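Comments concern the structure below.
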Amino acid sequence: MDQVQSLGVSCPVPIDHSHILLAHGGGGRLMHRLIEDVFLSAFKNPVIETRHDAAVVELNGARIALTTDSYVVNPLFFPGGDIGVLAVNGTVSDLAMAGARPLYLSASFIIEEGLPVETLTRVVRSMRDAAAEAGVQIVTGDTKVVDRGKGDGLFINTSGVGHVESRHPIAPTRVRPGDAIVVSGDLGRHGIAVMAAREGLQFETTLESDTAPLASPVLALIASDIDIHCLRDLTRGGLASALNEIAEAAGASIEIEERRVPIRDDVRGACELLGFDPLYVANEGRFVAFVPEHDADRAVDVLKAHALGASATIIGRVDHAGDPTVVVWSPINTRRVLDMLSGEQLPRIC
Amino acid sequence: MRFVDEYRDPDAAAEVATAIGRITTRPWTIMEVCGGQTHAIVRFGIDQLLPKEITLVHGPGCPVCVTPVALIDAAIDIASRENVVFCSFGDMLRVPGSSRDLLAVKALGGDVRIVYSPLDALALARRQPANQVVFFAVGFETTAPANAMAVYRAKREGVDNFSIVVAHVLVPPAMASILASPGNRVQGFLAAGHVCAVMGYTEYEPLARRFGVPIVVTGFEPLDVLQGVYLCVKQLEEGRAEVENQYARAVRREGNVQAQAMVQEIFEVAGRTWRGIGDIPGSGLALRERYASYDALQRFPFREPTLSPETECIAGEILLGGKTPTDCPAFGARCTPERPLGAPMVSSEGACAAYYRYRGRSAPTRV
């Protein structure tokens with residue numbers, strides 16, 4: 001493969017597996033490799049290579065953030081939200097991670113033949129409400145219908161644009177040793193709520209998804225003149241994957257304390273039962289911020305004053321440059337490596 | 001969180017670790033039998049707290065790891081058929097058979113599903129009478145009662161489109177086999193707490209006597225493991241070889257008698273091949289004659305099993321405690337969780353997966 005690259009060939013190279021597995025979409029190492037080997041190598045350009053949640057481009061002097069995301073959640077409705085809310089909040093949050101104020105969204109619907117119209121209108125209504133809450137307008141869209149059995153009820157894609165408000169670029173390359181790592185709230189609620197609602201898993205829980213539009217807490221940080229170095233929303237693959245991505249992109253080693261990571265007891269309990277590590281469980285309304293140490297306490301205060309950051313807290317710091325690993329101090333004061341997830345988390349046997 | 005936090009308390013852990021240091025006068029090698037304990041040890045870095053004289057070696061207690069390739073190939077063959085819904089616990093899907101794994105069957109269109117209980121698979125069979133629903137009954141004594149219950153109910157309710165691939169293994173014969181092996185270096189055991197919660201620990205008493213090894217029934221939290229090690233070292237230092245119960249909050253000497261009766265009703269003890277280890281007499285379970293019609297291997301006669309290709313995997317030596325994952329030249333290089341050469345790199349209870357996940361590819365800390 002090295003040889004191919006040195007010849008300057010940039011067409012997609014074959015990846016390790018002959019077929020796409022579900023794990024290629026799981027947010028872990030397989031998905032990473034797919035993005036690297038197939039997409040980045042084909043679409044090569046300086047903007048895509050920043051590998052941010054949203055791309056930042058200049059248009060006539062204005063800095064514009066642009067992003068897109070597709071939503072394929074099963075079930076369509078789950079405690080605390082539905083696919084429509086996710087589709088709006090997810091794209092709004094991705095724009096926010098570039099320090100942008102989200103403005104306009106597009107929405108495309110891929111509908112499976114046989115979907116009750118009532119279901120579709122319910123989803124669209126919640127998109128309308130979510131857009132109103134996030135202060136964005138859905139201004140264009142598309143509809144396709146596929147044969148029964150060729151889709152999972154409803155898939156939604158949203159794209160969004162926003163105006164970058166942060167004066168400094170927000171990117172992994174700005175991460176520095178000594179930076180404090182702040183999470184905006186407790187982790188794991190979305191992943192466990194969706195899993196509990198999915199067929200086949202029967203444990204009683206009152207957990208609701210944490211889905212939320214993350215623009216306003218981020219804009220609050222920017223308005224308070226916090227020099228945000230890097231932001232990442234914690235979606236598939238959870239905190240562990242986000243920290244590994246940043247460590248790798250920044251070429252820096254990160255240390256966190258497991259005890260400081262806020263996780264509700266009901267989420268921890270469900271994870272204990274299933275054999276999941278909550279650090280890998282998906283979120284839809286949480287982000288991690290890398291800020292200079294001297295701004296850290298103020299950043300936490302700003303977030304805590306915000307409804308979406310009530311349990312914000314510092315969980316660790318960037319230790320040193322040149323060694324992209326994530327290390328966790330365990331509750332009993334020992335160290336371990338927090339690796340990127342390989343494929344999906346699979347429930348254990350006993 | 002109750003029942004968890006108090007067993008992860010740093011001060012209490014440090015206290016037990018100090019106590020272990022105080023009573024240890026020479027080197028001891030202790031095997032934790034269960035993969036769940038291996039993961040707790042590596043995830044919480046429990047071995048970092050132990051004196052250097054204590055070596056923990058990882059045992060065969062990973063049911064996914066010891067399921068033979070031939071059975072996985074049979075499962076893959078069944079799962080690939082038309083009108084079969086193949087249900088399994090999650091960990092099993094990524095274990096390589098001789099040519100592919102169950103996830104690949106799913107990717108190519110097979111109906112392979114993760115379930116959380118065999119009773120979920122049975123419910124699926126009731127809902128889909130036109131399909132054959134097959135459950136991959138993998139596990140130690142811990143999962144046997146639920147699997148037995150599923151078969152029992154299927155028969156009682158006349159759910160004829162339900163069957164299971166039986167891949168059950170039993171812990172005590174494996175421990176005996178390790179102790180009897182010529183290269184054995186295990187001097188004491190932490191027995192698997194959850195297995196004992198079902199089976200009790202009377203079976204271990206003759207083992208402790210016959211081989212002169214202490215066996216401590218141990219739980220899965222950091223403090224459990226540390227206390228288990230303490231009790232084991234204390235026995236070793238005092239020259240005792242008894243069965244002790246650290247995990248008294250979950251385990252009674254006689255175990256769960258009702259669960260045992262359910263297992264007895266459905267299964268009988270049979271010989272079993274362990275992947276990487278070989279045949280161990282009386283170390284598995286098979287369906288009794290009167291439930292034989294629920295045996296998926298009889299219902300779907302397996303086409304010729306393929307020979308498993310030679311790999312570098314040293315799973316057998318790792319499962320017997322002879323080697324640790326980082327002794328394997330393929331570890332982290334040619335064998336990773338995405339491209340596993342052997343099952344210990346796959347299962348959430350496998351020792352190699354634990355090392356890879358919690359220590360990174362190249363940063364093993366040996367005690």
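As shown in the structure tokens, the chain order sets the letters A, B, ...; within each chain, residues go from 1, and ligands are also counted from 1 in the order they appear.
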
Exercise for the section: Find the residues in chain B near chain A: any atom within 8 Å counts, using only C-alpha atoms. Write them as a PyMOL selection string. Expected result: chain B and resi 1+8-11+13-14+42-46+48-49+89-91+103-104+107+115-116+120+138-139+142-143+222+337-338+347-349+357-360

Handout entry: In segment 233-338 of chain B, DSSP strand (DSSP E) residues written as a list in words
Key = Val243, Glu244, Asn245, Phe267, Glu268, Val269, Ala270, Gly271, Arg272, Thr273, Trp274, Gly278, Asp279, Ile280, Pro281, Gly282, Ser283, Gly284, Leu285, Ala286 and Leu287 of chain B

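Residues in contact with Tyr152 of chain B at up to 9 Å, not including ones fewer than 2 positions away on its chain and judged by only C-alpha atoms, are Asn147, Ala148, Met149, Ala150, Ala154, Lys155, Arg156, Glu157, Met262, Glu265, Ile266 and Tyr291 of chain B.
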
Fill in the blank from the handout: Judged by only C-alpha atoms, the minimum distance to Gly81 of chain A among A:Val218, A:Val161, A:Val57, A:Val194 is found for A:Val194

Problem - Contact residues around Pro262 of chain A with only C-alpha atoms at 8 Å, ignoring same-chain residues under 6 positions, as a list of chain:residue names - result: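 Near Pro262 of chain A, the qualifying residues are A:Gly185, A:Asp186, A:Leu187, A:Ser311, A:Thr313.
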
How would the residues just chosen look if you wrote them out with C-alpha atoms as a PDB file, in the first residue's frame?
ATOM      1  CA  GLY A 185     -22.655  16.340  30.725  1.00  0.00           C
ATOM      2  CA  ASP A 186     -23.267  12.757  31.795  1.00  0.00           C
ATOM      3  CA  LEU A 187     -22.536  10.056  29.247  1.00  0.00           C
ATOM      4  CA  SER A 311     -23.295  18.363  34.815  1.00  0.00           C
ATOM      5  CA  THR A 313     -16.968  18.799  34.452  1.00  0.00           C
TER       6      THR A 313
END

Compile the contact shell of Asp301 of chain A as an mmCIF file with C-alpha atoms, in the first residue's frame: residues with an atom at most 10 Å away, counting only C-alpha atoms, same-chain residues fewer than 4 positions apart removed.
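Listed below is the output, out_10.cif:
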data_model
loop_
_atom_site.group_PDB
_atom_site.id
_atom_site.type_symbol
_atom_site.label_atom_id
_atom_site.label_comp_id
_atom_site.auth_asym_id
_atom_site.auth_seq_id
_atom_site.Cartn_x
_atom_site.Cartn_y
_atom_site.Cartn_z
ATOM 1 C CA LEU A 221 -18.418 29.439 25.418
ATOM 2 C CA ALA A 296 -10.990 25.441 32.231
ATOM 3 C CA ASP A 297 -12.882 26.424 35.357
ATOM 4 C CA ALA A 305 -25.120 27.906 33.670
ATOM 5 C CA HIS A 306 -26.610 26.379 30.528
ATOM 6 C CA GLY A 309 -24.312 21.613 30.465
ATOM 7 C CA ALA A 310 -25.633 21.244 33.992
ATOM 8 C CA ALA A 312 -20.291 19.658 32.868
ATOM 9 C CA THR A 313 -16.968 18.799 34.452
#

Exercise for the section: If you run DSSP over the backbone, which residues in segment 101-309 of chain B end up alpha helix (DSSP H)? Put them as a ChimeraX atom specification. Expected result: /B:102-107,118-127,144-157,171-180,193-199,204-211,222-238,257-266,296-299
